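Contents: one structure, followed by commentary.
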Amino acid sequence: PEHQIRNIETFGEDYQRRLSEITLGVVGCGGIGNPFCEIARRMGFRKFVLVDHDLVEEKNRNRLLGCGAEWNGKPKVDLCQHLLRSFDSDTEVVAVAGVHESERAYNALVDADILISCVDSDEARLGLMSYAARTLKPLFDTGTGLRFGDDKCLLEKGSRLRVYVPGQAGLFCQGLDMNAIMSESLKAARRSVGYVDGPSDVEVPGRVISLNAAIAAMTADILADYVNGRQLAHNTLICDMFNKNLKKYSFSRLDGCMLCGSCEGLGIQAVMPV
């Protein structure tokens, strides 16, 4: 199509064809997932499975592309689907307005070749890592963060991409802290008895478009090269947006890892909710 001419001139027809054949499973259609979908579609990806349970709120609109006030109260996944199809009506989209742990979401994600995690909690990352390992799907896990001091002054801002390829280091091997993961019900119970969760009061997910769009664009670019056979030199990238530094790390798989070791390839039935 004509709207891909500049991409073809830059990367070649085979490069673009490979992108168009891949189905991306994007979990989280908010601050990172929204710009990621927009960028990925314009790069040449045309098949998407979208999963998100959340609704658009007025306070979200500063970081959701194409989101006018008329979207308030509507599913974020519907906004992403609308934007993708508005760009090109031939875009194939399966949209699931629900939590990623649901049977409907898991069944839809079976058709995805690669998973893109745009969630904002480590508990959700744990679930997606487990799903990716059991179904042998590559996982590109994105995140942004802000750190504030006691005086509410912004101290740090940054973003991160971690990539899991079946047979290689998973998210735990790349630093995901299992001890810091708590369910929402446990967090609510702790708050109900007056417990304050320390660092979570000063570390929050990125909530500005510049952080989110930057990691979305970098992820889409690295993903496109990966689909076209370029080997990943590093599996973790951390961007310090305060100092404009990009740090690259290569983690190896840890012996005895409970996810990327013991449950790889066990299949979808092993992770279906009960």
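Ligands are numbered from 1 in the order shown, residues from 1 within each chain, and chains are lettered A, B, ... in the order they appear in the structure tokens.
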Neighbouring residues of Cys80 in chain A were defined as those with any atom within 12 Å, considering only C-alpha atoms; residues of the same chain fewer than 3 positions away were excluded. Please report them as a PDB file with C-alpha atoms, in the first residue's frame.
```pdb
ATOM      1  CA  VAL A  26      -0.566  -6.423  23.243  1.00  0.00           C
ATOM      2  CA  VAL A  27      -1.576  -6.609  26.910  1.00  0.00           C
ATOM      3  CA  GLY A  28      -2.281  -3.157  28.283  1.00  0.00           C
ATOM      4  CA  CYS A  29      -3.669  -0.430  26.014  1.00  0.00           C
ATOM      5  CA  GLY A  30      -2.928   2.554  28.240  1.00  0.00           C
ATOM      6  CA  GLY A  31       0.076   4.835  28.527  1.00  0.00           C
ATOM      7  CA  ILE A  32       2.577   2.565  26.732  1.00  0.00           C
ATOM      8  CA  GLY A  33       0.271   0.194  24.859  1.00  0.00           C
ATOM      9  CA  ASN A  34      -1.609   3.006  23.132  1.00  0.00           C
ATOM     10  CA  PRO A  35       1.411   4.699  21.481  1.00  0.00           C
ATOM     11  CA  PHE A  36       3.026   1.310  20.864  1.00  0.00           C
ATOM     12  CA  CYS A  37       0.061   0.179  18.771  1.00  0.00           C
ATOM     13  CA  GLU A  38       0.065   3.423  16.799  1.00  0.00           C
ATOM     14  CA  ILE A  39       3.789   3.179  16.058  1.00  0.00           C
ATOM     15  CA  ALA A  40       3.771  -0.555  15.336  1.00  0.00           C
ATOM     16  CA  ARG A  41       0.901  -0.217  12.850  1.00  0.00           C
ATOM     17  CA  PHE A  48      -3.149  -7.389  16.693  1.00  0.00           C
ATOM     18  CA  VAL A  49      -4.732  -9.077  19.697  1.00  0.00           C
ATOM     19  CA  LEU A  50      -5.480  -6.370  22.285  1.00  0.00           C
ATOM     20  CA  VAL A  51      -6.241  -7.046  25.961  1.00  0.00           C
ATOM     21  CA  ASP A  52      -7.116  -4.459  28.622  1.00  0.00           C
ATOM     22  CA  LEU A  55     -11.597   2.440  31.069  1.00  0.00           C
ATOM     23  CA  VAL A  56     -10.459   5.850  29.854  1.00  0.00           C
ATOM     24  CA  LEU A  64      -3.423   8.429  25.177  1.00  0.00           C
ATOM     25  CA  LEU A  65      -2.981   9.281  21.516  1.00  0.00           C
ATOM     26  CA  GLY A  66      -6.153  10.125  19.622  1.00  0.00           C
ATOM     27  CA  CYS A  67      -8.181  10.331  22.816  1.00  0.00           C
ATOM     28  CA  TRP A  71     -13.732   8.512  25.103  1.00  0.00           C
ATOM     29  CA  LYS A  74     -15.062   3.792  27.409  1.00  0.00           C
ATOM     30  CA  PRO A  75     -12.649   0.822  27.253  1.00  0.00           C
ATOM     31  CA  LYS A  76      -9.059   1.671  26.407  1.00  0.00           C
ATOM     32  CA  VAL A  77      -8.940  -1.435  24.245  1.00  0.00           C
ATOM     33  CA  LEU A  83      -7.119   4.045  16.061  1.00  0.00           C
ATOM     34  CA  LEU A  84      -5.663   0.984  14.342  1.00  0.00           C
ATOM     35  CA  ARG A  85      -8.617   0.568  12.005  1.00  0.00           C
ATOM     36  CA  SER A  86      -8.830   4.299  11.340  1.00  0.00           C
ATOM     37  CA  PHE A  87      -5.296   4.183   9.963  1.00  0.00           C
ATOM     38  CA  THR A  91      -5.900  -3.966  10.028  1.00  0.00           C
ATOM     39  CA  VAL A  93      -7.784  -6.633  15.403  1.00  0.00           C
ATOM     40  CA  VAL A  94      -9.161  -8.906  18.089  1.00  0.00           C
ATOM     41  CA  ALA A  95     -10.035  -6.818  21.137  1.00  0.00           C
ATOM     42  CA  VAL A  96     -10.701  -8.296  24.574  1.00  0.00           C
ATOM     43  CA  ALA A  97     -12.068  -5.844  27.147  1.00  0.00           C
TER      44      ALA A  97
END
```
(request) Could you please write out, as a ChimeraX atom specification, every residue of range 14-135 of chain A that DSSP assigns to helix (DSSP H, G or I)? (result) /A:14-21,33-43,58-63,69-71,76-87,103-109,122-135
(request) Compile the contact shell of range 1-3 of chain A as a PyMOL selection string: residues with an atom at most 10 Å away, counting only C-alpha atoms, same-chain residues fewer than 6 positions apart removed. (result) chain A and resi 42-44+87-88
Take the residues just selected and output them with N, CA, C and O atoms as a short mmCIF file (atom, residue, chain, number, x, y, z; two decimals), in the first residue's frame.
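Saved as again.cif:
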```cif
data_model
loop_
_atom_site.label_atom_id
_atom_site.label_comp_id
_atom_site.auth_asym_id
_atom_site.auth_seq_id
_atom_site.Cartn_x
_atom_site.Cartn_y
_atom_site.Cartn_z
N ARG A 42 2.04 1.74 12.01
CA ARG A 42 2.64 2.57 10.97
C ARG A 42 3.98 2.01 10.48
O ARG A 42 4.41 2.31 9.37
N MET A 43 4.61 1.17 11.29
CA MET A 43 5.83 0.51 10.85
C MET A 43 5.54 -0.65 9.91
O MET A 43 6.42 -1.07 9.16
N GLY A 44 4.31 -1.18 9.97
CA GLY A 44 3.96 -2.25 9.06
C GLY A 44 3.30 -3.45 9.68
O GLY A 44 2.81 -4.34 8.97
N PHE A 87 -6.49 4.04 10.80
CA PHE A 87 -5.30 4.18 9.96
C PHE A 87 -5.43 3.35 8.71
O PHE A 87 -5.07 3.79 7.61
N ASP A 88 -5.95 2.13 8.85
CA ASP A 88 -6.10 1.23 7.70
C ASP A 88 -7.20 0.23 8.04
O ASP A 88 -7.07 -0.55 8.99
#
```
How close does each residue of range 102-172 of chain A get to range 21-24 of chain A, giving the shortest atom pair and distance in Å to one decimal for every residue with an atom at most 10 Å away, counting only C-alpha atoms, sorted by chain and residue number, as CSV?
```
residue,atom,partner,partner_atom,distance
A:Leu109,CA,A:Leu24,CA,8.7
A:Asp111,CA,A:Thr23,CA,7.1
A:Ala112,CA,A:Thr23,CA,4.9
A:Asp113,CA,A:Thr23,CA,5.3
A:Ile114,CA,A:Leu24,CA,5.3
A:Leu115,CA,A:Leu24,CA,6.0
A:Ile116,CA,A:Leu24,CA,7.0
```
(message) Quick check, in Å to one decimal: how far apart do CA of Asn243 in chain A and CA of Tyr226 in chain A lie?
(response)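 That distance, rounded to one decimal, is 27.6 Å.
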(request) Grab the CA of Gln174 in chain A to CA of Leu161 in chain A distance for me, in Å with one decimal place. (result) 10.5 Å
(request) Considering only C-alpha atoms, state which residue in the set A:Asn107, A:Thr10, A:Ser121, A:Thr236 is at the smallest distance from Cys173 in chain A. (result)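 Looking only at the distances to Cys173 in chain A, the closest residue turns out to be A:Thr236.
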(request) Find, counting only C-alpha atoms, the residue in A:Arg160, A:Arg63, A:Ala105, A:Leu128 that gets nearest to Ala213 in chain A. (result) A:Arg63
(request) List the neighbours of Gln168 in chain A out to 10 Å using only C-alpha atoms; skip same-chain residues closer than 4 positions along the sequence, and give me the result as a list of chain:residue names. (result) A:Pro138, A:Val163, A:Tyr164, A:Cys173, A:Asn235, A:Phe251, A:Ser252, A:Arg253, A:Leu254, A:Cys260, A:Gly261
(message) Please report the interatomic distance between CA of Lys248 in chain A and CA of Ser159 in chain A in Å with one decimal.
(response)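 So the two atoms, CA of Lys248 in chain A and CA of Ser159 in chain A, lie 12.2 Å apart.
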(request) Any chance you could list, as a PyMOL selection string, the residues in range 16-237 of chain A that come up strand (DSSP E) when DSSP is run on the backbone? (result) chain A and resi 23-27+47-51+92-96+114-117+139-148+154-164+203-205+236-237
(request) Pick out the closest residue to Gly158 in chain A from this set: A:Leu19, A:Ala233, A:Ala69, A:Leu211. Count only C-alpha atoms. (result) A:Leu211
